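Asker: The following block contains the structure, expressed as structure tokens.
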Amino acid sequence: MKTILRLVFLLITLITFSCKSYALDSVPYVMSGEFVMEEGTSDYSICGVDLYLLNKSEKDIKRINVVFFLFDKDGEPAIECCNKISAVLEEEIFAGEDRSFCMSLDSFMNSVPEECLIVDYLYLAKIEYEDGTVWEDPYGLVAFK
């Protein structure tokens, strides 16, 4: 009986880890973002987010839906804007290419932040490819599995 229980436990463990590995492999991008408030830039008037995106797929990207949350230094939701930011960006990123670009947050802000905010839970809810196909993760469940 102990042998059967050990075998069942081993099987459950293998399935669990292989599912996690599959989920990470199924995400067709790598992404990071940092809040910026530098003066004298043409990308925004109030603030923005510097984004880095690596297209891991074999298809060219034409449009993305970026989603992230903004927090203050204490981990509280940002009061200067809606905490959840979602925006569709027209970005041509070739297969295997990485790109850095700035996304303006001006239209999301209701006041000027006194301090830099923290970008967290950053993911792509939707990727539209040049060939017309679409990859979706509307709630970030694949990205944060």
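If you're wondering about the labels, chains in the structure tokens are A, B, ... by order shown, residues count from 1 in each chain, ligands from 1 in order shown.
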Would you list the contacts of region 109-111 of chain A as a PyMOL selection string, taking every protein, DNA or RNA residue within 9 Å and counting only C-alpha atoms, but skipping same-chain residues closer than 6 positions in sequence?
Answerer: chain A and resi 46-47+79-82
Asker: Pick out the residues sitting within 9 Å of Asp120 (chain A), and hand them over as a compact mmCIF listing (two decimals) with C-alpha atoms, in the first residue's frame; count only C-alpha atoms, and ignore anything fewer than 2 positions along from it in its own chain.
Answerer:
```txt
# COMPACT_ATOMS: atom_id res chain seq x y z
CA GLY A 33 8.36 47.69 -17.42
CA PHE A 68 -0.43 46.33 -15.53
CA PHE A 69 -1.14 47.75 -12.10
CA LEU A 70 0.44 50.80 -10.44
CA PHE A 71 1.33 50.95 -6.75
CA ILE A 118 5.78 50.74 -9.07
CA LEU A 122 2.57 43.40 -16.12
```
Asker: Compare A:Asp106, A:Asn65, A:Glu91, A:Arg99 by their minimum atom-to-atom distance to Met37 (chain A), counting only C-alpha atoms, and give me the closest one.
Answerer: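 Counting only C-alpha atoms, the residue closest to Met37 (chain A) is A:Asp106.
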Asker: Considering only C-alpha atoms, can you say which of A:Val142, A:Ala87, A:Val27, A:Leu117 comes closest to Arg63 (chain A)?
Answerer: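 Among the listed residues, the smallest separation from Arg63 (chain A) belongs to A:Ala87.
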Asker: Nearest residue to Asn83 (chain A) out of A:Ser45, A:Lys62, A:Val119, A:Glu114, using only C-alpha atoms?
Answerer: A:Val119
Asker: Please compute the CA of Gly75 (chain A)-CA of Glu38 (chain A) distance, one decimal, in Å.
Answerer: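 These two atoms are separated by 22.0 Å.
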Asker: Within 8 Å of Tyr129 (chain A), counting only C-alpha atoms, which residues show up once you throw out same-chain ones fewer than 3 positions away? Write them as a PyMOL selection string, please.
Answerer: chain A and resi 59-63+132-134
Asker: Can I get the selected residues back with N, CA and C atoms, as a compact mmCIF listing (two decimals), in the first residue's frame?
Answerer:
```txt
# COMPACT_ATOMS: atom_id res chain seq x y z
N LYS A 59 6.18 34.51 -35.20
CA LYS A 59 5.33 35.41 -35.99
C LYS A 59 5.63 36.86 -35.62
N ASP A 60 5.40 37.75 -36.58
CA ASP A 60 5.59 39.18 -36.34
C ASP A 60 4.37 39.76 -35.63
N ILE A 61 4.61 40.55 -34.59
CA ILE A 61 3.54 41.20 -33.84
C ILE A 61 3.18 42.52 -34.51
N LYS A 62 1.87 42.82 -34.57
CA LYS A 62 1.46 44.13 -35.09
C LYS A 62 0.74 44.97 -34.03
N ARG A 63 0.11 44.34 -33.02
CA ARG A 63 -0.63 45.08 -32.01
C ARG A 63 -0.65 44.28 -30.71
N GLY A 132 -2.75 37.60 -38.92
CA GLY A 132 -4.15 37.60 -38.54
C GLY A 132 -4.49 36.74 -37.34
N THR A 133 -3.55 35.94 -36.87
CA THR A 133 -3.81 35.11 -35.69
C THR A 133 -3.70 35.95 -34.42
N VAL A 134 -4.30 35.45 -33.36
CA VAL A 134 -4.35 36.16 -32.09
C VAL A 134 -3.99 35.21 -30.96
```
Asker: Quick one, how far is CA of Asp74 (chain A) from CA of Asp137 (chain A)?
Answerer: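 We find that CA of Asp74 (chain A) and CA of Asp137 (chain A) lie 28.4 Å from each other.
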